[in-house]
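A short write-up of the structure that comes next.
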There are 2 protein chains.
Amino acid sequence: LRFPSISTDPAHAQDVRRTALWLRAYLEGIGLQAEIWESPGHPAVFASHSQAGPGRPTVLLYHHYDVQPVDPLEQWTFPPFEPTVRDGQMYARGAQDNKGQCFYTLAALKAFLALSERVGCNVKVFIEGEEESGGSGTHVLLQEKREALRADHLLVIDLDLPGEGTPGITLGLRGIAALHVECANAAADLHSGSHGGIALNPNRALVQLLAKLWDAEGKVAVPGFYDAVRPWSAQEEAQLDLRFDPAAYSAAFGVHAFAPEPGYSLRASNWLRPTMEINGLAGGYAGEGFKTVIPARAVAKLSCRLVPDQDPRAIGHLVEVFLKERAPDGVDLRVQLHHGGPPFRSRVDSAIAQMANAAYAEVFGKPCVHVLAGGSVPIVPALAAASGGETVLMGFGLPQDNIHAPDEHFGLDRFEMGFLTVARILSRLSCVEN
Amino acid sequence: LRFPSISTDPAHAQDVRRTALWLRAYLEGIGLQAEIWESPGHPAVFASHSQAGPGRPTVLLYHHYDVQPVDPLEQWTFPPFEPTVRDGQMYARGAQDNKGQCFYTLAALKAFLALSERVGCNVKVFIEGEEESGGSGTHVLLQEKREALRADHLLVIDLDLPGEGTPGITLGLRGIAALHVECANAAADLHSGSHGGIALNPNRALVQLLAKLWDAEGKVAVPGFYDAVRPWSAQEEAQLDLRFDPAAYSAAFGVHAFAPEPGYSLRASNWLRPTMEINGLAGGYAGEGFKTVIPARAVAKLSCRLVPDQDPRAIGHLVEVFLKERAPDGVDLRVQLHHGGPPFRSRVDSAIAQMANAAYAEVFGKPCVHVLAGGSVPIVPALAAASGGETVLMGFGLPQDNIHAPDEHFGLDRFEMGFLTVARILSRLSCVEN
């Protein structure tokens, strides 16, 4: 936690590398063969313990060691890279996402290797350094190192609990198609008095265009947007805990206006249905005071969250065509797919999912619930394909951990539960009958 | 031009004051009685020459000595406060707006006083220091100093020529109602994956709301918006040069999409009709890269340009009611009138307008055209009321002068024409028969 491994900031490239070197040394210290994998971006750490041999199950553990930037720094109570324990919470950038979750896994692995009479499973560890910056280096590694990453089971331990004290496994992630939209109509900003009534204001063109993205009912109006959505089965729905309490949600987040897709519950709209969001809007001057300007251009950032079997490129293309067909004559409209990632589903009944269920139930003293995530972990589909393993998405985060924000923290109680749960999964794997 | 009299920046308050002191000394030097008028904001300079006596006409000359900020400084070819002449143009912040225009007036006044056999008119000069910052100190002075500002004629010399080499007088200004709009729906920014499909995105609420400000045809859809617009007479229209060349405009400004009010020409939409503009839009993250956020709030700056007899407060209220009635349930929408100013018209046939027309025609060798300005000079209606004089709005600016922008400049040829025109107006006033 003392390494400022901020992957998006080139000034911290050496800090990122030092973190990788520290992890390699740690993994070697607990008995794995560890190496640095260089990539066109930041390096990854790979380690393996293969004494169980080829006839025994192999599990791949995925983490990332990079972190988000710390601004606004002045809003932190404690320095972000001087970890501080206060009231049972560890405060630091990365305390939860993902260094905290990574470290209970490594601690569990250390205990498992040290205390097992016989290590009956092979363990691989893959810890990347580009998760927070969307770098492409890790994707190159997934291609190049396919053989090394082969595993029967994949644990992605970067997610949340369904709620405090509630054990659970995440059965799927939404995908994403993120677009940059730019609307221009002048060589430079224009005075809104001298030019108002003559030049079409790009702010106006943009809001009128973006408003068309939804129909009067509230559905996304882009033709074909929902076409590839695979209806979920009664069986799939029965696996999920779809309960949602709007009053508790309002109290927690200060949200009083809701936007479910018409015909679907709030929870279903967040997990099982695609969405369209305007993540950013900028045009002209919107700060303190006033500037009577018709800006040369206005910008929007859009993202669609995707569900099976929507394809990010196909959806990006549909949105681009929709906007371009409706742009006012003469306006210079640019639409670019910024990044994309497919949606992902894991099986509730795989061997590793059953072991994880059992481990959670033992630690919490109650059975697991099954949830989906509205968000995306873009690397997961490619990592699952590269490893060839059945995947379990899990973790011990909670919404109040302030990940990506000032005062990120993680509960020591959840660190302990994470340690116990991962240790029990490894023990179960180790004891699988041939 | 060497004084950085940036009125909006408190760090330059002493520079602003030094400029006023310099002007007082200059005015005393050319034979006027001059004083500093302290106000709750920046000081103004007032000077008078009253030797013609009470039976003779009195003219009030209005200017401002403050300037706009200079950012982005790196885009200036010459240092903004080290005036540089290059190819017949004076480059400096304020070279045109309004120090350049002020100084040909003062030079003309100096010549008029020095060279007239008999000074047959009384002259008052009022130069304020808050025009660029919208300060309220000048408005206080207009109330307090009503008697001192009394005049038969008011020359506001802060405007443009209708075109290069074309003499002209501006017969009116549009008013303005400027609004700040804020749309909030969460205590803090939310992750657009974890919350997308649940929380209404303020960016979406805002663009859908703002899009409703215009009807399908393109008229402002706010009920009552056009009600107070006084139809202009055939006589009024006959006075104006309403020609407009869209191709030349496109070439000059890079504008290819136009937005006239349906049923009106581009020129009429800019001069004779009110408009609605979105001057600023901001919500979430719209910079380099991508941030998958549902922002806590989104902001817009709106301004309506107004024509007689629209009232800024009344229009601001209509827009506020319109937006609030249409805001989605639960969204926290705030609408505030940021500032306002009424529209203004001057008479084409007043004595001073006729003298100005004649002076322009002599200097240019051709008759004046009459135009309106799409913009606003918010002080003018109050100043005209305080002075009680008939008003002429005039000046020698051109759109290419880059006022408020890097490399502001003013042609020395236009400085000379301004000098000659003002000197001739003063001479004509001096010779008016009792």
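For the structure tokens, the naming scheme is as follows: chains receive sequential letters (A, B, ...) according to their order of presentation, residues are indexed from 1 within each chain, and ligands are indexed from 1 in presentation order.
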- Residues flagged strand (DSSP E) by DSSP in region 151-317 of chain A, as a PyMOL selection string: chain A and resi 153-157+168-173+175-184+190-191+275-284+293-294+297-306
- DSSP helix (DSSP H, G or I) selection over region 14-141 of chain B, as an NGL selection string: :B and (14-29 or 73-75 or 99-115 or 137-141)
Please determine the contact residues of chain B with respect to chain A at a cut-off of 6 Å, counting only C-alpha atoms, and supply them as a CSV table (one decimal) with all heavy atoms, in the first residue's frame.
```csv
chain,number,residue,atom,x,y,z
B,185,ASN,N,-28.9,14.8,-8.6
B,185,ASN,CA,-29.7,13.6,-8.2
B,185,ASN,C,-28.9,12.7,-7.4
B,185,ASN,O,-29.2,11.5,-7.3
B,185,ASN,CB,-30.2,12.9,-9.4
B,185,ASN,CG,-31.2,11.8,-9.1
B,185,ASN,OD1,-31.9,11.9,-8.1
B,185,ASN,ND2,-31.1,10.7,-9.8
B,186,ALA,N,-27.8,13.1,-6.7
B,186,ALA,CA,-27.1,12.2,-5.9
B,186,ALA,C,-26.2,13.0,-5.0
B,186,ALA,O,-25.8,14.2,-5.2
B,186,ALA,CB,-26.2,11.2,-6.7
B,187,ALA,N,-25.7,12.4,-3.8
B,187,ALA,CA,-24.9,13.1,-2.9
B,187,ALA,C,-23.4,13.2,-3.5
B,187,ALA,O,-22.7,14.1,-3.1
B,187,ALA,CB,-24.9,12.3,-1.6
B,193,GLY,N,-21.7,1.9,-14.0
B,193,GLY,CA,-22.0,0.4,-14.1
B,193,GLY,C,-22.8,0.0,-12.9
B,193,GLY,O,-23.9,-0.5,-13.1
B,194,SER,N,-22.3,0.3,-11.7
B,194,SER,CA,-23.0,-0.2,-10.5
B,194,SER,C,-24.4,0.5,-10.3
B,194,SER,O,-25.3,0.0,-9.7
B,194,SER,CB,-22.2,0.2,-9.3
B,194,SER,OG,-20.8,-0.3,-9.5
B,196,GLY,N,-26.1,2.3,-13.1
B,196,GLY,CA,-26.8,2.6,-14.4
B,196,GLY,C,-28.0,1.7,-14.5
B,196,GLY,O,-27.8,0.4,-14.5
B,197,GLY,N,-29.1,2.2,-14.7
B,197,GLY,CA,-30.4,1.5,-14.7
B,197,GLY,C,-31.2,1.7,-13.4
B,197,GLY,O,-32.4,1.4,-13.4
B,198,ILE,N,-30.5,2.3,-12.4
B,198,ILE,CA,-31.2,2.6,-11.2
B,198,ILE,C,-31.3,4.1,-11.1
B,198,ILE,O,-32.5,4.6,-11.1
B,198,ILE,CB,-30.4,2.1,-10.0
B,198,ILE,CG1,-30.2,0.5,-10.1
B,198,ILE,CG2,-31.1,2.5,-8.7
B,198,ILE,CD1,-29.3,-0.1,-9.0
B,199,ALA,N,-30.2,4.8,-10.9
B,199,ALA,CA,-30.3,6.3,-10.7
B,199,ALA,C,-30.5,7.0,-12.0
B,199,ALA,O,-29.8,6.8,-13.0
B,199,ALA,CB,-29.0,6.8,-10.0
B,200,LEU,N,-31.4,8.0,-12.0
B,200,LEU,CA,-31.5,8.9,-13.2
B,200,LEU,C,-30.2,9.7,-13.3
B,200,LEU,O,-29.8,10.4,-12.3
B,200,LEU,CB,-32.7,9.8,-13.1
B,200,LEU,CG,-32.9,10.8,-14.2
B,200,LEU,CD1,-33.0,10.1,-15.6
B,200,LEU,CD2,-34.1,11.7,-14.0
B,203,ASN,N,-27.1,14.3,-16.3
B,203,ASN,CA,-26.8,14.7,-17.6
B,203,ASN,C,-27.9,14.4,-18.6
B,203,ASN,O,-28.3,15.2,-19.4
B,203,ASN,CB,-25.5,13.9,-18.1
B,203,ASN,CG,-24.2,14.5,-17.7
B,203,ASN,OD1,-24.2,15.6,-17.3
B,203,ASN,ND2,-23.2,13.7,-17.7
B,207,VAL,N,-30.2,17.2,-20.5
B,207,VAL,CA,-30.3,17.4,-22.0
B,207,VAL,C,-31.7,17.2,-22.4
B,207,VAL,O,-32.2,17.9,-23.4
B,207,VAL,CB,-29.3,16.4,-22.8
B,207,VAL,CG1,-27.9,16.6,-22.4
B,207,VAL,CG2,-29.7,15.0,-22.7
B,208,GLN,N,-32.4,16.3,-21.8
B,208,GLN,CA,-33.8,16.1,-22.2
B,208,GLN,C,-34.7,17.4,-21.8
B,208,GLN,O,-35.6,17.7,-22.6
B,208,GLN,CB,-34.4,14.9,-21.5
B,208,GLN,CG,-33.8,13.6,-22.0
B,208,GLN,CD,-34.4,12.3,-21.5
B,208,GLN,OE1,-34.8,12.2,-20.3
B,208,GLN,NE2,-34.6,11.3,-22.4
B,211,ALA,N,-33.5,20.3,-24.3
B,211,ALA,CA,-34.0,20.0,-25.7
B,211,ALA,C,-35.4,20.5,-25.8
B,211,ALA,O,-35.8,20.9,-26.9
B,211,ALA,CB,-33.9,18.5,-26.0
B,253,PHE,N,-16.3,32.8,-40.4
B,253,PHE,CA,-16.4,32.2,-39.0
B,253,PHE,C,-16.4,30.6,-39.0
B,253,PHE,O,-16.4,30.0,-37.9
B,253,PHE,CB,-17.6,32.7,-38.3
B,253,PHE,CG,-17.6,34.2,-38.1
B,253,PHE,CD1,-18.4,35.0,-38.9
B,253,PHE,CD2,-16.7,34.7,-37.2
B,253,PHE,CE1,-18.4,36.4,-38.7
B,253,PHE,CE2,-16.7,36.1,-37.0
B,253,PHE,CZ,-17.5,36.9,-37.7
B,254,GLY,N,-16.3,30.0,-40.2
B,254,GLY,CA,-16.3,28.5,-40.2
B,254,GLY,C,-17.7,27.9,-39.8
B,254,GLY,O,-17.7,26.8,-39.3
B,255,VAL,N,-18.7,28.7,-39.9
B,255,VAL,CA,-20.1,28.2,-39.5
B,255,VAL,C,-20.8,27.7,-40.7
B,255,VAL,O,-20.9,28.3,-41.7
B,255,VAL,CB,-20.9,29.4,-38.8
B,255,VAL,CG1,-22.3,29.0,-38.7
B,255,VAL,CG2,-20.3,29.8,-37.5
B,256,HIS,N,-21.3,26.4,-40.6
B,256,HIS,CA,-22.0,25.8,-41.7
B,256,HIS,C,-23.4,25.4,-41.4
B,256,HIS,O,-24.2,25.0,-42.2
B,256,HIS,CB,-21.2,24.6,-42.2
B,256,HIS,CG,-19.8,25.1,-42.7
B,256,HIS,ND1,-19.6,25.7,-43.9
B,256,HIS,CD2,-18.6,25.0,-42.1
B,256,HIS,CE1,-18.3,26.0,-44.1
B,256,HIS,NE2,-17.7,25.6,-43.0
B,257,ALA,N,-23.8,25.5,-40.1
B,257,ALA,CA,-25.2,25.2,-39.7
B,257,ALA,C,-25.8,26.5,-39.1
B,257,ALA,O,-25.2,27.1,-38.2
B,257,ALA,CB,-25.2,24.1,-38.7
B,258,PHE,N,-26.9,26.9,-39.6
B,258,PHE,CA,-27.5,28.1,-39.2
B,258,PHE,C,-28.8,27.9,-38.4
B,258,PHE,O,-29.4,26.8,-38.6
B,258,PHE,CB,-27.9,29.0,-40.5
B,258,PHE,CG,-26.6,29.4,-41.2
B,258,PHE,CD1,-26.0,28.6,-42.2
B,258,PHE,CD2,-26.0,30.6,-40.8
B,258,PHE,CE1,-24.9,29.0,-42.8
B,258,PHE,CE2,-24.8,31.0,-41.5
B,258,PHE,CZ,-24.3,30.2,-42.5
B,259,ALA,N,-29.2,28.8,-37.6
B,259,ALA,CA,-30.3,28.6,-36.7
B,259,ALA,C,-31.2,29.9,-36.6
B,259,ALA,O,-31.4,30.4,-35.5
B,259,ALA,CB,-29.8,28.2,-35.3
B,260,PRO,N,-31.7,30.4,-37.8
B,260,PRO,CA,-32.6,31.5,-37.7
B,260,PRO,C,-33.9,31.1,-37.0
B,260,PRO,O,-34.2,29.9,-37.0
B,260,PRO,CB,-32.8,31.9,-39.1
B,260,PRO,CG,-32.6,30.6,-39.9
B,260,PRO,CD,-31.6,29.9,-39.1
B,266,LEU,N,-31.8,35.5,-41.3
B,266,LEU,CA,-30.7,35.4,-40.4
B,266,LEU,C,-30.5,36.7,-39.7
B,266,LEU,O,-30.3,36.8,-38.5
B,266,LEU,CB,-29.5,34.9,-41.1
B,266,LEU,CG,-29.5,33.4,-41.5
B,266,LEU,CD1,-28.4,33.1,-42.5
B,266,LEU,CD2,-29.3,32.5,-40.3
B,269,SER,N,-33.2,37.6,-37.3
B,269,SER,CA,-33.2,36.7,-36.1
B,269,SER,C,-32.1,37.2,-35.2
B,269,SER,O,-32.2,37.1,-34.0
B,269,SER,CB,-32.8,35.3,-36.5
B,269,SER,OG,-33.9,34.8,-37.4
B,270,ASN,N,-31.1,37.8,-35.7
B,270,ASN,CA,-29.9,38.3,-34.9
B,270,ASN,C,-30.2,39.7,-34.3
B,270,ASN,O,-29.8,40.0,-33.2
B,270,ASN,CB,-28.7,38.3,-35.7
B,270,ASN,CG,-27.5,38.9,-35.0
B,270,ASN,OD1,-26.9,39.8,-35.4
B,270,ASN,ND2,-27.1,38.2,-33.9
B,278,ILE,N,-27.6,28.1,-25.2
B,278,ILE,CA,-26.9,27.4,-24.1
B,278,ILE,C,-25.5,27.8,-24.1
B,278,ILE,O,-24.7,27.4,-25.0
B,278,ILE,CB,-27.1,25.9,-24.2
B,278,ILE,CG1,-28.5,25.5,-24.3
B,278,ILE,CG2,-26.4,25.2,-23.1
B,278,ILE,CD1,-28.8,24.0,-24.8
B,279,ASN,N,-25.0,28.7,-23.2
B,279,ASN,CA,-23.7,29.2,-23.3
B,279,ASN,C,-22.7,28.2,-22.6
B,279,ASN,O,-21.5,28.3,-22.9
B,279,ASN,CB,-23.6,30.5,-22.5
B,279,ASN,CG,-24.5,31.6,-23.2
B,279,ASN,OD1,-25.5,32.0,-22.6
B,279,ASN,ND2,-24.2,31.9,-24.4
B,280,GLY,N,-23.2,27.4,-21.7
B,280,GLY,CA,-22.3,26.4,-21.1
B,280,GLY,C,-23.0,25.2,-20.7
B,280,GLY,O,-24.2,25.2,-20.3
B,281,LEU,N,-22.3,24.1,-20.8
B,281,LEU,CA,-22.8,22.8,-20.4
B,281,LEU,C,-21.7,22.1,-19.7
B,281,LEU,O,-20.5,22.1,-20.1
B,281,LEU,CB,-23.1,21.9,-21.6
B,281,LEU,CG,-24.4,21.9,-22.3
B,281,LEU,CD1,-24.3,20.9,-23.5
B,281,LEU,CD2,-25.5,21.6,-21.4
B,282,ALA,N,-22.0,21.5,-18.5
B,282,ALA,CA,-20.9,20.6,-17.9
B,282,ALA,C,-21.6,19.6,-17.0
B,282,ALA,O,-22.5,19.9,-16.2
B,282,ALA,CB,-20.0,21.5,-17.0
B,283,GLY,N,-21.1,18.4,-17.1
B,283,GLY,CA,-21.6,17.3,-16.2
B,283,GLY,C,-20.7,16.1,-16.4
B,283,GLY,O,-20.4,15.7,-17.5
B,284,GLY,N,-20.2,15.6,-15.3
B,284,GLY,CA,-19.3,14.4,-15.4
B,284,GLY,C,-18.0,14.8,-15.9
B,284,GLY,O,-17.5,15.9,-15.8
B,285,TYR,N,-17.4,13.8,-16.6
B,285,TYR,CA,-16.0,14.0,-17.1
B,285,TYR,C,-16.0,14.0,-18.6
B,285,TYR,O,-16.5,13.0,-19.2
B,285,TYR,CB,-15.1,12.9,-16.6
B,285,TYR,CG,-13.7,13.1,-17.1
B,285,TYR,CD1,-12.8,14.0,-16.5
B,285,TYR,CD2,-13.2,12.3,-18.1
B,285,TYR,CE1,-11.5,14.1,-17.0
B,285,TYR,CE2,-11.9,12.4,-18.6
B,285,TYR,CZ,-11.1,13.3,-18.0
B,285,TYR,OH,-9.8,13.5,-18.5
B,286,ALA,N,-15.5,15.1,-19.2
B,286,ALA,CA,-15.6,15.1,-20.7
B,286,ALA,C,-14.2,15.4,-21.3
B,286,ALA,O,-14.0,15.8,-22.4
B,286,ALA,CB,-16.5,16.2,-21.2
B,292,THR,N,-16.2,6.5,-16.2
B,292,THR,CA,-17.6,6.0,-16.3
B,292,THR,C,-18.4,6.4,-15.1
B,292,THR,O,-18.6,5.6,-14.2
B,292,THR,CB,-17.5,4.4,-16.5
B,292,THR,OG1,-16.6,3.9,-15.5
B,292,THR,CG2,-17.0,4.1,-17.8
B,293,VAL,N,-18.9,7.6,-15.1
B,293,VAL,CA,-19.5,8.2,-13.9
B,293,VAL,C,-20.9,8.6,-14.3
B,293,VAL,O,-21.2,9.0,-15.4
B,293,VAL,CB,-18.6,9.4,-13.5
B,293,VAL,CG1,-18.7,10.6,-14.4
B,293,VAL,CG2,-18.8,9.7,-12.1
B,294,ILE,N,-21.8,8.5,-13.3
B,294,ILE,CA,-23.0,9.2,-13.3
B,294,ILE,C,-22.8,10.4,-12.4
B,294,ILE,O,-22.7,10.2,-11.1
B,294,ILE,CB,-24.2,8.3,-12.8
B,294,ILE,CG1,-24.4,7.2,-13.8
B,294,ILE,CG2,-25.5,9.2,-12.6
B,294,ILE,CD1,-25.5,6.2,-13.4
B,330,GLY,N,-38.4,14.1,-8.5
B,330,GLY,CA,-37.3,13.7,-7.7
B,330,GLY,C,-36.0,14.4,-8.0
B,330,GLY,O,-35.1,14.4,-7.1
B,331,VAL,N,-35.8,14.9,-9.2
B,331,VAL,CA,-34.6,15.6,-9.5
B,331,VAL,C,-34.6,17.0,-8.8
B,331,VAL,O,-35.6,17.6,-8.7
B,331,VAL,CB,-34.5,15.8,-11.1
B,331,VAL,CG1,-33.5,16.9,-11.4
B,331,VAL,CG2,-34.1,14.5,-11.7
B,374,GLY,N,-26.7,42.6,-32.2
B,374,GLY,CA,-27.3,41.4,-31.6
B,374,GLY,C,-26.9,41.3,-30.2
B,374,GLY,O,-27.6,40.7,-29.4
B,375,GLY,N,-25.8,42.0,-29.8
B,375,GLY,CA,-25.3,41.9,-28.4
B,375,GLY,C,-25.9,42.9,-27.5
B,375,GLY,O,-26.9,43.6,-27.9
```
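Of the residues under consideration (A:Phe244, A:Lys324, A:Leu60, A:Ala52), A:Ala52 shows the shortest atom-to-atom contact distance to Ser116 (chain A) when counting only C-alpha atoms.
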- Task: Would you work out the distance separating CA of Pro57 (chain A) from CA of Asn434 (chain A), expressed in Å to one decimal?
- Result: 9.0 Å
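Residues lying within 8 Å of region 34-46 of chain A, counting only C-alpha atoms and ignoring same-chain neighbours fewer than 2 positions away, are Ser7, Ala13, Val16, Arg17, Ala20, Leu21, Leu23, Arg24, Ala25, Leu27, Glu28, Leu32, Ser48, Lys124, Val125, Phe126, Ile127, Glu128, Gly129, Glu130, Gly135, Ser136, Gly137, Thr138, Val140 and Leu141 of chain A.
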- Query: Could you pull the residues within 12 Å of Glu82 (chain A), counting only C-alpha atoms, minus those fewer than 2 positions along the same chain, as a PyMOL selection string?
  - Reply: chain A and resi 1-4+76-80+84-85+90-95+407
Store the residues of this selection in a file with C-alpha atoms, as a compact mmCIF listing (two decimals), in the first residue's frame.
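Now in result_35.txt:
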```
# COMPACT_ATOMS: atom_id res chain seq x y z
CA LEU A 1 0.00 0.00 0.00
CA ARG A 2 3.01 2.29 0.30
CA PHE A 3 3.76 2.03 -3.44
CA PRO A 4 2.04 4.82 -5.44
CA TRP A 76 -8.17 12.63 2.16
CA THR A 77 -8.19 12.36 5.96
CA PHE A 78 -4.98 10.29 5.88
CA PRO A 79 -2.14 10.38 3.35
CA PRO A 80 -3.14 7.92 0.60
CA THR A 84 -3.49 3.97 8.56
CA VAL A 85 -5.74 1.72 10.62
CA MET A 90 -7.39 0.25 6.77
CA TYR A 91 -7.22 3.63 4.97
CA ALA A 92 -5.06 3.87 1.83
CA ARG A 93 -5.35 4.08 -1.93
CA GLY A 94 -5.73 0.45 -2.95
CA ALA A 95 -6.71 -0.68 0.58
CA ASP A 407 -10.39 7.89 1.94
```
- Message: Taking 3 positions as the minimum chain separation for residues in the same chain, which residues sit within 9 Å of region 228-230 of chain B when counting only C-alpha atoms? Answer as a VMD selection string.
- Response: chain B and resid 224 to 225 273 to 274 306 to 311
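Note that the spacing between CA of Leu323 (chain B) and CA of Gly218 (chain B) amounts to 17.3 Å.
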- Fewer than 2 positions away in the same chain doesn't count, so skip those; otherwise give me all residues within 9 Å of region 421-426 of chain A, counting only C-alpha atoms, as a PyMOL selection string. chain A and resi 59+104-105+107-109+111-112+121+123+352+355-363+416-419+428-431
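Rounded to one decimal, CA of Ala384 (chain B) and CA of Lys145 (chain B) lie 13.0 Å from each other.
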- Query: Which residues, written as a ChimeraX atom specification, have at least one atom at most 7 Å from Leu318 (chain B), with only C-alpha atoms counted and residues fewer than 4 positions away on the same chain left out?
  - Reply: /B:222,314,322
Keeping N, CA, C and O atoms for every residue in the selection just given, could you write it to a file as a compact mmCIF listing (two decimals), in the first residue's frame?
```
# COMPACT_ATOMS: atom_id res chain seq x y z
N VAL B 222 -40.93 28.16 -24.75
CA VAL B 222 -41.37 28.66 -23.43
C VAL B 222 -42.64 29.50 -23.61
O VAL B 222 -42.60 30.51 -24.32
N ALA B 314 -38.85 39.15 -16.19
CA ALA B 314 -40.05 38.42 -16.60
C ALA B 314 -39.67 37.20 -17.44
O ALA B 314 -40.20 36.10 -17.24
N PHE B 322 -40.88 27.18 -16.79
CA PHE B 322 -40.93 26.18 -17.85
C PHE B 322 -40.07 24.96 -17.48
O PHE B 322 -40.51 23.82 -17.58
```
